[in-house]
Every structure is written in structure tokens, then in C-alpha cells.
Amino acid sequence: MAPSVAQLENTATKTVDKLNITGPSYPFYYPIYDHDEKFPPTELFEHSDPGVRANPAKPNLLHENTTVHHISPYLGTEITGVQLSQLTKEGLDELALYAAERKVVIFRDQDFKDIGADKQIELAKHFGPIQRHPTSGNVKGYPEFHVVYRDAQEDRFKEYLARNRRRHLFLSQVEAYRRLSPEFQKRLEGLRALHSARIGGPVRREPVETEHPLVRVHPVTGEKALYVNQGFTKRIVGFKQEESEYLLKFLFDHLAKGSDFQIRASYRPGTVVVWDNRVTAHSATPDYSSTFRRHAVRLTPQAEVPVPAIA
């Protein structure tokens with residue numbers, strides 16, 4: 001269980017030197033946790049998905065020098081021969097479309113980590129305004145970054161980090177929806193669920209509770225997808241408590257046990273993973289020694305308010 005915010009030591013001024021550890025290869029991205037840092041409420045905006053204007057043939061992304069390996073028929077593609085930092089606006093549009101189609105796209109041997117924070121943020125903003133994570137570690141002066149970090153000596157934040165892991169499991173909420181019977185799909189469409197943003201860590205933005213459709217439609221592909229997550233989805237609106245718990249337990253088990261519509265994405269230096277969080281779910285896996293350093297950063301563009309699927 002995570003300690004309350006009041007119990008957590010203020011670590012805003014901690015540095016790599018003060019923590020007396022051998023620093024990471026990229027100390028600029030070492031996480032800070034400033035309890036005095038506050039963010040305003042997230043505002044709604046009109047989103048235009050760049051995937052809508054992409055060339056379906058994707059000539060700027062998938063060209064003669066590109067090698068593509070599909071990890072699963074349902075999601076996950078590993079790409080080599082492309083540098084994200086060198087993609088044109090048209091190439092980034094095509095990446096938005098490809099991520100919507102393949103759900104998870106893994107790029108190897110990228111120079112993205114070396115191009116600097118400003119250019120990294122500029123590139124990510126092509127897909128939408130960057131969300132500032134309300135509780136995780138971020139980069140000093142750059143609250144857009146969500147940082148995960150641990151090493152053999154420094155693990156003080158593991159209780160309220162997303163437990164930095166070597167690999168991620170991803171699943172397709174589109175395929176999870178397709179596996180349900182047509183009659184069951186009809187009964188889910190139109191239902192709404194309450195999602196809560198209350199998680200542990202320093203509170204930079206007051207957590208909110210929001211109703212979202214249980215089944216949403218992707219604005220680019222038109223695919224229907226389940227939209228539930230065990231960490232955030234709390235109850236089905238309009239159901240009695242026992243009814244809601246029964247249905248959500250079934251859906252959570254359906255996602256967790258659907259091994260044939262899941263993939264495992266591995267990381268190594270120079271890896272950049274792009275995924276469409278509207279139609280996927282992910283979970284970190286503790287499959288490495290605690291003596292190893294794990295250091296990763298994430299930029300999260302925001303998109304549209306979920307569009308409900310109607311039976």
C-alpha cells in the first residue's frame with residue numbers, strides 16, 4: 001500500500017550526488033518530486049487526430065529502407081530503418097495512423113534520447129497537447145515528462161511509481177471486444193463507467209472522477225474497443241454495487257487472461273515505443289534483478305473525449 005502524501009519525504013531538492021549513487025547515463029532525466037508544484041485542471045479541447053489526414057499507403061514511414069516485423073496479428077509491430085526524429089509532418093501523420101492500426105509500434109536504434117527535451121516535446125505535441133502527470137516524477141523544468149527510475153541503491157519511490165519494469169505487457173482492447181459474443185457486445189454498448197484518477201504520490205492536480213463509455217469507437221479506424229482498466233474503472237453507472245462488481249470482474253478477467261491478444265514489448269537502449277492508449281492496456285512486468293538500473297521517460301499526448309459505441 002502506498003503511504004499517504006503527508007508521510008512522503010519532500011524530495012524536490014534531491015540530486016544524484018546527494019543520493020550517493022552512480023548516476024544514470026542521462027542524469028538530465030533523473031526524476032524530481034516537487035510537492036509544491038501544482039497543475040491546473042485539465043481542460044477539454046477540440047481534437048483533430050493527425051491519423052485522419054495520413055496517406056494510407058504510408059510512404060514516408062514505411063519505405064524501401066524500412067523493416068517491419070509483426071509480433072502478433074492483433075497488435076504490436078517492430079520497425080527498423082526509421083528515425084522518428086527525422087520524420088516529416090506527413091510521416092508523423094502516418095505514424096498516428098499506423099499506431100491506431102497496430103496499437104503498439106516499437107522502434108529500435110533511435111537517436112530520440114539525444115535530441116534534447118525541447119525537440120522531444122515538439123515532436124510529441126504533433127499528436128496532441130502533452131498531459132502533465134499529476135503524481136509521477138518529472139524532469140526539472142519540463143513537467144511534460146513522466147519519468148520512471150530505479151537502481152540497486154535507489155528505490156525509494158517504488159511505492160507510488162508504476163513500478164519501473166524491463167518489459168511491458170500490452171493488450172488490444174479492440175480484439176478483447178471482438179472476442180465477446182454479439183449479444184454480449186450489444187449489452188455493453190451504451191453503458192457508462194466511473195473512472196477515478198485517485199492514485200498515490202505527490203498531488204500536483206486535484207484528482208477527478210469521470211464517466212466514460214464502457215465501449216468506445218476509435219475516431220480514425222472506426223474500431224470498437226472495450227474501455228476499462230482495473231486501476232481506474234470503479235463501477236458501472238446505474239448498476240447496483242454487486243451487479244457492477246460482477247460485470248467488471250468478468251471484464252477484468254477477460255482482459256488479463258486473453259494471452260493471445262497480448263504481447264510483451266522489450267526495451268533496450270535506443271528503444272522508443274509508441275502505443276495508442278485509447279485501444280490498448282498495459283502492465284509492467286517484474287522480470288529482472290533489482291540490481292539493474294531501469295530508466296525510461298514518457299510523453300503522453302492527449303486526444304478526444306471518448307466517443308461511445310451505440311448498439
# chains A, B, ... in the order shown; residues from 1 in each chain; ligands from 1

call {"tool": "select_by_dssp", "arguments": {"residues": "stretch 28-274 of chain A", "states": "strand (DSSP E or B)", "output": "PyMOL selection string"}}
result
chain A and resi 32+67-70+77-80+104-107+130+137-139+142-150+167-172+192-196+209-213+215-217+224-226+233-236+262-266+272-274

call {"tool": "closest_atom_pairs", "arguments": {"of": "stretch 19-71 of chain A", "to": "stretch 258-270 of chain A", "cutoff": "12 Å", "atoms": "only C-alpha atoms", "output": "JSON lines"}}
result
{"residue": "A:Ser25", "atom": "CA", "partner": "A:Pro269", "partner_atom": "CA", "distance": 10.3}
{"residue": "A:Tyr26", "atom": "CA", "partner": "A:Pro269", "partner_atom": "CA", "distance": 11.3}
{"residue": "A:His70", "atom": "CA", "partner": "A:Ile263", "partner_atom": "CA", "distance": 10.5}
{"residue": "A:Ile71", "atom": "CA", "partner": "A:Ile263", "partner_atom": "CA", "distance": 7.2}

call {"tool": "write_last_selection", "arguments": {"atoms": "all heavy atoms", "output": "PDB file, in the first residue's frame"}}
result
ATOM      1  N   SER A  25      22.940   7.177 -17.145  1.00  0.00           N
ATOM      2  CA  SER A  25      23.593   7.675 -18.356  1.00  0.00           C
ATOM      3  C   SER A  25      23.017   9.012 -18.791  1.00  0.00           C
ATOM      4  O   SER A  25      23.702   9.803 -19.444  1.00  0.00           O
ATOM      5  CB  SER A  25      23.435   6.651 -19.486  1.00  0.00           C
ATOM      6  OG  SER A  25      24.026   5.425 -19.149  1.00  0.00           O
ATOM      7  N   TYR A  26      21.775   9.270 -18.429  1.00  0.00           N
ATOM      8  CA  TYR A  26      21.101  10.510 -18.801  1.00  0.00           C
ATOM      9  C   TYR A  26      20.588  11.202 -17.550  1.00  0.00           C
ATOM     10  O   TYR A  26      19.396  11.193 -17.254  1.00  0.00           O
ATOM     11  CB  TYR A  26      19.965  10.221 -19.795  1.00  0.00           C
ATOM     12  CG  TYR A  26      20.477   9.788 -21.148  1.00  0.00           C
ATOM     13  CD1 TYR A  26      20.863   8.471 -21.380  1.00  0.00           C
ATOM     14  CD2 TYR A  26      20.620  10.708 -22.183  1.00  0.00           C
ATOM     15  CE1 TYR A  26      21.372   8.074 -22.600  1.00  0.00           C
ATOM     16  CE2 TYR A  26      21.127  10.326 -23.414  1.00  0.00           C
ATOM     17  CZ  TYR A  26      21.500   9.015 -23.625  1.00  0.00           C
ATOM     18  OH  TYR A  26      22.002   8.629 -24.836  1.00  0.00           O
ATOM     19  N   HIS A  70       5.766  -8.017 -37.512  1.00  0.00           N
ATOM     20  CA  HIS A  70       4.547  -8.043 -36.719  1.00  0.00           C
ATOM     21  C   HIS A  70       4.685  -9.084 -35.614  1.00  0.00           C
ATOM     22  O   HIS A  70       4.899 -10.267 -35.875  1.00  0.00           O
ATOM     23  CB  HIS A  70       3.334  -8.364 -37.590  1.00  0.00           C
ATOM     24  CG  HIS A  70       3.056  -7.330 -38.641  1.00  0.00           C
ATOM     25  ND1 HIS A  70       3.013  -5.985 -38.359  1.00  0.00           N
ATOM     26  CD2 HIS A  70       2.807  -7.443 -39.978  1.00  0.00           C
ATOM     27  CE1 HIS A  70       2.747  -5.310 -39.462  1.00  0.00           C
ATOM     28  NE2 HIS A  70       2.629  -6.165 -40.459  1.00  0.00           N
ATOM     29  N   ILE A  71       4.542  -8.652 -34.379  1.00  0.00           N
ATOM     30  CA  ILE A  71       4.690  -9.542 -33.231  1.00  0.00           C
ATOM     31  C   ILE A  71       3.462 -10.433 -33.082  1.00  0.00           C
ATOM     32  O   ILE A  71       3.574 -11.609 -32.716  1.00  0.00           O
ATOM     33  CB  ILE A  71       4.914  -8.712 -31.947  1.00  0.00           C
ATOM     34  CG1 ILE A  71       6.169  -7.842 -32.103  1.00  0.00           C
ATOM     35  CG2 ILE A  71       5.049  -9.618 -30.723  1.00  0.00           C
ATOM     36  CD1 ILE A  71       6.355  -6.845 -30.988  1.00  0.00           C
TER      37      ILE A  71
END

call {"tool": "closest_residue", "arguments": {"among": "A:Leu299, A:Leu214, A:Glu206, A:Tyr33", "to": "A:Ser244", "atoms": "only C-alpha atoms"}}
result
A:Leu214

call {"tool": "residues_around", "arguments": {"residues": "A:Asn55", "least_positions_apart": "4", "cutoff": "12 Å", "atoms": "only C-alpha atoms", "output": "mmCIF file with all heavy atoms, in the first residue's frame"}}
result
data_model
loop_
_atom_site.group_PDB
_atom_site.id
_atom_site.type_symbol
_atom_site.label_atom_id
_atom_site.label_comp_id
_atom_site.auth_asym_id
_atom_site.auth_seq_id
_atom_site.Cartn_x
_atom_site.Cartn_y
_atom_site.Cartn_z
ATOM 1 N N PRO A 50 -4.302 13.432 -36.117
ATOM 2 C CA PRO A 50 -3.463 13.517 -37.324
ATOM 3 C C PRO A 50 -3.540 12.274 -38.195
ATOM 4 O O PRO A 50 -3.211 12.339 -39.390
ATOM 5 C CB PRO A 50 -2.047 13.701 -36.757
ATOM 6 C CG PRO A 50 -2.108 13.203 -35.354
ATOM 7 C CD PRO A 50 -3.505 13.496 -34.874
ATOM 8 N N GLY A 51 -3.978 11.143 -37.639
ATOM 9 C CA GLY A 51 -4.124 9.942 -38.449
ATOM 10 C C GLY A 51 -5.181 10.069 -39.529
ATOM 11 O O GLY A 51 -5.126 9.363 -40.548
ATOM 12 N N PRO A 59 3.906 6.238 -47.282
ATOM 13 C CA PRO A 59 5.197 6.223 -47.981
ATOM 14 C C PRO A 59 6.323 6.899 -47.218
ATOM 15 O O PRO A 59 7.501 6.627 -47.480
ATOM 16 C CB PRO A 59 4.882 6.988 -49.284
ATOM 17 C CG PRO A 59 3.742 7.886 -48.916
ATOM 18 C CD PRO A 59 2.908 7.094 -47.953
ATOM 19 N N ASN A 60 5.998 7.793 -46.288
ATOM 20 C CA ASN A 60 7.035 8.488 -45.527
ATOM 21 C C ASN A 60 7.489 7.707 -44.300
ATOM 22 O O ASN A 60 8.525 8.014 -43.715
ATOM 23 C CB ASN A 60 6.521 9.859 -45.085
ATOM 24 C CG ASN A 60 6.155 10.750 -46.251
ATOM 25 O OD1 ASN A 60 7.020 11.306 -46.909
ATOM 26 N ND2 ASN A 60 4.853 10.867 -46.518
ATOM 27 N N LEU A 61 6.717 6.698 -43.923
ATOM 28 C CA LEU A 61 7.043 5.876 -42.752
ATOM 29 C C LEU A 61 7.536 4.499 -43.156
ATOM 30 O O LEU A 61 8.569 4.019 -42.672
ATOM 31 C CB LEU A 61 5.816 5.747 -41.849
ATOM 32 C CG LEU A 61 5.984 4.895 -40.589
ATOM 33 C CD1 LEU A 61 6.933 5.579 -39.604
ATOM 34 C CD2 LEU A 61 4.621 4.635 -39.934
ATOM 35 N N LEU A 62 6.796 3.871 -44.071
ATOM 36 C CA LEU A 62 7.123 2.505 -44.494
ATOM 37 C C LEU A 62 7.673 2.561 -45.917
ATOM 38 O O LEU A 62 6.939 2.413 -46.893
ATOM 39 C CB LEU A 62 5.871 1.618 -44.427
ATOM 40 C CG LEU A 62 5.144 1.599 -43.069
ATOM 41 C CD1 LEU A 62 3.905 0.711 -43.143
ATOM 42 C CD2 LEU A 62 6.083 1.136 -41.961
ATOM 43 N N LYS A 89 6.187 16.060 -41.158
ATOM 44 C CA LYS A 89 4.826 16.125 -40.631
ATOM 45 C C LYS A 89 3.952 15.036 -41.251
ATOM 46 O O LYS A 89 3.108 14.444 -40.566
ATOM 47 C CB LYS A 89 4.223 17.508 -40.885
ATOM 48 C CG LYS A 89 4.866 18.615 -40.066
ATOM 49 C CD LYS A 89 4.179 19.949 -40.320
ATOM 50 C CE LYS A 89 4.814 21.037 -39.456
ATOM 51 N NZ LYS A 89 4.173 22.370 -39.672
ATOM 52 N N GLU A 90 4.167 14.782 -42.538
ATOM 53 C CA GLU A 90 3.407 13.733 -43.209
ATOM 54 C C GLU A 90 3.764 12.364 -42.624
ATOM 55 O O GLU A 90 2.887 11.507 -42.436
ATOM 56 C CB GLU A 90 3.699 13.741 -44.704
ATOM 57 C CG GLU A 90 3.161 14.956 -45.448
ATOM 58 C CD GLU A 90 3.995 16.205 -45.247
ATOM 59 O OE1 GLU A 90 5.141 16.084 -44.761
ATOM 60 O OE2 GLU A 90 3.504 17.309 -45.566
ATOM 61 N N GLY A 91 5.038 12.166 -42.312
ATOM 62 C CA GLY A 91 5.451 10.911 -41.691
ATOM 63 C C GLY A 91 4.869 10.729 -40.306
ATOM 64 O O GLY A 91 4.483 9.609 -39.928
ATOM 65 N N LEU A 92 4.782 11.805 -39.549
ATOM 66 C CA LEU A 92 4.187 11.724 -38.219
ATOM 67 C C LEU A 92 2.685 11.446 -38.307
ATOM 68 O O LEU A 92 2.132 10.712 -37.478
ATOM 69 C CB LEU A 92 4.449 13.019 -37.451
ATOM 70 C CG LEU A 92 5.918 13.275 -37.079
ATOM 71 C CD1 LEU A 92 6.077 14.662 -36.469
ATOM 72 C CD2 LEU A 92 6.432 12.208 -36.120
ATOM 73 N N ASP A 93 2.026 12.031 -39.306
ATOM 74 C CA ASP A 93 0.613 11.703 -39.534
ATOM 75 C C ASP A 93 0.460 10.203 -39.804
ATOM 76 O O ASP A 93 -0.451 9.547 -39.279
ATOM 77 C CB ASP A 93 0.059 12.498 -40.722
ATOM 78 C CG ASP A 93 -0.105 13.980 -40.423
ATOM 79 O OD1 ASP A 93 -0.018 14.374 -39.254
ATOM 80 O OD2 ASP A 93 -0.310 14.740 -41.392
ATOM 81 N N GLU A 94 1.351 9.667 -40.626
ATOM 82 C CA GLU A 94 1.290 8.242 -40.963
ATOM 83 C C GLU A 94 1.580 7.380 -39.738
ATOM 84 O O GLU A 94 0.996 6.304 -39.572
ATOM 85 C CB GLU A 94 2.278 7.941 -42.082
ATOM 86 C CG GLU A 94 1.887 8.583 -43.409
ATOM 87 C CD GLU A 94 2.997 8.577 -44.436
ATOM 88 O OE1 GLU A 94 3.992 7.833 -44.227
ATOM 89 O OE2 GLU A 94 2.891 9.303 -45.448
ATOM 90 N N LEU A 95 2.449 7.858 -38.862
ATOM 91 C CA LEU A 95 2.711 7.129 -37.617
ATOM 92 C C LEU A 95 1.461 7.096 -36.743
ATOM 93 O O LEU A 95 1.159 6.063 -36.125
ATOM 94 C CB LEU A 95 3.871 7.778 -36.858
ATOM 95 C CG LEU A 95 4.166 7.202 -35.466
ATOM 96 C CD1 LEU A 95 4.436 5.708 -35.529
ATOM 97 C CD2 LEU A 95 5.338 7.950 -34.830
ATOM 98 N N ALA A 96 0.724 8.197 -36.689
ATOM 99 C CA ALA A 96 -0.517 8.214 -35.917
ATOM 100 C C ALA A 96 -1.496 7.174 -36.453
ATOM 101 O O ALA A 96 -2.140 6.448 -35.679
ATOM 102 C CB ALA A 96 -1.145 9.612 -35.969
ATOM 103 N N LEU A 97 -1.608 7.080 -37.772
ATOM 104 C CA LEU A 97 -2.493 6.088 -38.378
ATOM 105 C C LEU A 97 -1.997 4.680 -38.101
ATOM 106 O O LEU A 97 -2.780 3.781 -37.750
ATOM 107 C CB LEU A 97 -2.587 6.339 -39.882
ATOM 108 C CG LEU A 97 -3.366 5.306 -40.696
ATOM 109 C CD1 LEU A 97 -4.803 5.183 -40.196
ATOM 110 C CD2 LEU A 97 -3.344 5.663 -42.188
ATOM 111 N N TYR A 98 -0.689 4.470 -38.243
ATOM 112 C CA TYR A 98 -0.129 3.132 -38.052
ATOM 113 C C TYR A 98 -0.276 2.679 -36.600
ATOM 114 O O TYR A 98 -0.565 1.504 -36.334
ATOM 115 C CB TYR A 98 1.334 3.117 -38.477
ATOM 116 C CG TYR A 98 1.857 1.738 -38.802
ATOM 117 C CD1 TYR A 98 1.184 0.896 -39.679
ATOM 118 C CD2 TYR A 98 3.052 1.278 -38.251
ATOM 119 C CE1 TYR A 98 1.672 -0.355 -40.001
ATOM 120 C CE2 TYR A 98 3.548 0.020 -38.563
ATOM 121 C CZ TYR A 98 2.846 -0.793 -39.436
ATOM 122 O OH TYR A 98 3.329 -2.034 -39.741
#

call {"tool": "residues_around", "arguments": {"residues": "stretch 117-123 of chain A", "least_positions_apart": "5", "cutoff": "10 Å", "atoms": "only C-alpha atoms", "output": "list in words"}}
result
Phe28, Tyr29, Leu84, Ser85, Gln86, Leu87, Thr88, Lys89, Leu92, Phe112, Gly128, Pro129, Ile130, Val139, Gly141, Tyr142, Glu144, Phe145, Leu299, Thr300 and Pro301 of chain A

call {"tool": "closest_residue", "arguments": {"among": "A:Val305, A:Val82, A:Val203, A:Val52", "to": "A:Asp111", "atoms": "only C-alpha atoms"}}
result
A:Val82

call {"tool": "select_by_dssp", "arguments": {"residues": "stretch 140-239 of chain A", "states": "alpha helix (DSSP H)", "output": "VMD selection string"}}
result
chain A and resid 173 to 178 182 to 188

call {"tool": "residues_around", "arguments": {"residues": "A:Asn138", "least_positions_apart": "6", "cutoff": "6 Å", "atoms": "only C-alpha atoms", "output": "list in words"}}
result
Pro31, Ile32, Phe145, His146 and Val147 of chain A

call {"tool": "write_last_selection", "arguments": {"atoms": "N, CA, C and O atoms", "output": "PDB file, in the first residue's frame"}}
result
ATOM      1  N   PRO A  31      14.374  11.748 -12.131  1.00  0.00           N
ATOM      2  CA  PRO A  31      13.087  12.296 -11.700  1.00  0.00           C
ATOM      3  C   PRO A  31      13.190  13.178 -10.460  1.00  0.00           C
ATOM      4  O   PRO A  31      13.967  12.909  -9.539  1.00  0.00           O
ATOM      5  N   ILE A  32      12.393  14.229 -10.448  1.00  0.00           N
ATOM      6  CA  ILE A  32      12.204  15.036  -9.248  1.00  0.00           C
ATOM      7  C   ILE A  32      10.745  14.921  -8.812  1.00  0.00           C
ATOM      8  O   ILE A  32       9.854  14.644  -9.620  1.00  0.00           O
ATOM      9  N   PHE A 145       7.341  15.531 -18.935  1.00  0.00           N
ATOM     10  CA  PHE A 145       7.905  14.183 -18.900  1.00  0.00           C
ATOM     11  C   PHE A 145       7.386  13.398 -17.695  1.00  0.00           C
ATOM     12  O   PHE A 145       7.327  13.913 -16.574  1.00  0.00           O
ATOM     13  N   HIS A 146       7.029  12.151 -17.954  1.00  0.00           N
ATOM     14  CA  HIS A 146       6.695  11.180 -16.908  1.00  0.00           C
ATOM     15  C   HIS A 146       7.894  10.245 -16.826  1.00  0.00           C
ATOM     16  O   HIS A 146       8.236   9.566 -17.800  1.00  0.00           O
ATOM     17  N   VAL A 147       8.590  10.230 -15.677  1.00  0.00           N
ATOM     18  CA  VAL A 147       9.851   9.512 -15.538  1.00  0.00           C
ATOM     19  C   VAL A 147       9.691   8.315 -14.610  1.00  0.00           C
ATOM     20  O   VAL A 147       9.091   8.425 -13.539  1.00  0.00           O
TER      21      VAL A 147
END

call {"tool": "closest_residue", "arguments": {"among": "A:Val148, A:Phe252, A:Arg216, A:Glu243", "to": "A:Arg298", "atoms": "only C-alpha atoms"}}
result
A:Val148

call {"tool": "closest_residue", "arguments": {"among": "A:Lys249, A:Lys240, A:Arg205, A:Arg179", "to": "A:Lys224", "atoms": "only C-alpha atoms"}}
result
A:Arg179

call {"tool": "closest_residue", "arguments": {"among": "A:Leu191, A:Leu171, A:Val220, A:Ala284", "to": "A:Arg53", "atoms": "only C-alpha atoms"}}
result
A:Val220

call {"tool": "closest_atom_pairs", "arguments": {"of": "stretch 44-137 of chain A", "to": "stretch 34-39 of chain A", "cutoff": "10 Å", "atoms": "only C-alpha atoms", "output": "CSV"}}
result
residue,atom,partner,partner_atom,distance
A:Arg132,CA,A:Phe39,CA,7.8
A:His133,CA,A:Phe39,CA,9.2
A:Pro134,CA,A:Phe39,CA,7.4
A:Thr135,CA,A:His35,CA,9.2
A:Ser136,CA,A:Asp34,CA,9.9
A:Gly137,CA,A:Asp34,CA,8.3

call {"tool": "closest_residue", "arguments": {"among": "A:Ser283, A:Gln302, A:Thr67, A:Thr210", "to": "A:Gly231", "atoms": "only C-alpha atoms"}}
result
A:Ser283

call {"tool": "atom_distance", "arguments": {"atom1": "atom CA of A:Asp151", "atom2": "atom CA of A:Thr271"}}
result
19.0 Å

call {"tool": "residues_around", "arguments": {"residues": "A:Thr77", "least_positions_apart": "5", "cutoff": "9 Å", "atoms": "only C-alpha atoms", "output": "ChimeraX atom specification"}}
result
/A:68-72,102-107

call {"tool": "residues_around", "arguments": {"residues": "A:Ala152", "least_positions_apart": "5", "cutoff": "7 Å", "atoms": "only C-alpha atoms", "output": "list in words"}}
result
Ser290, Thr291, Phe292 and Arg293 of chain A
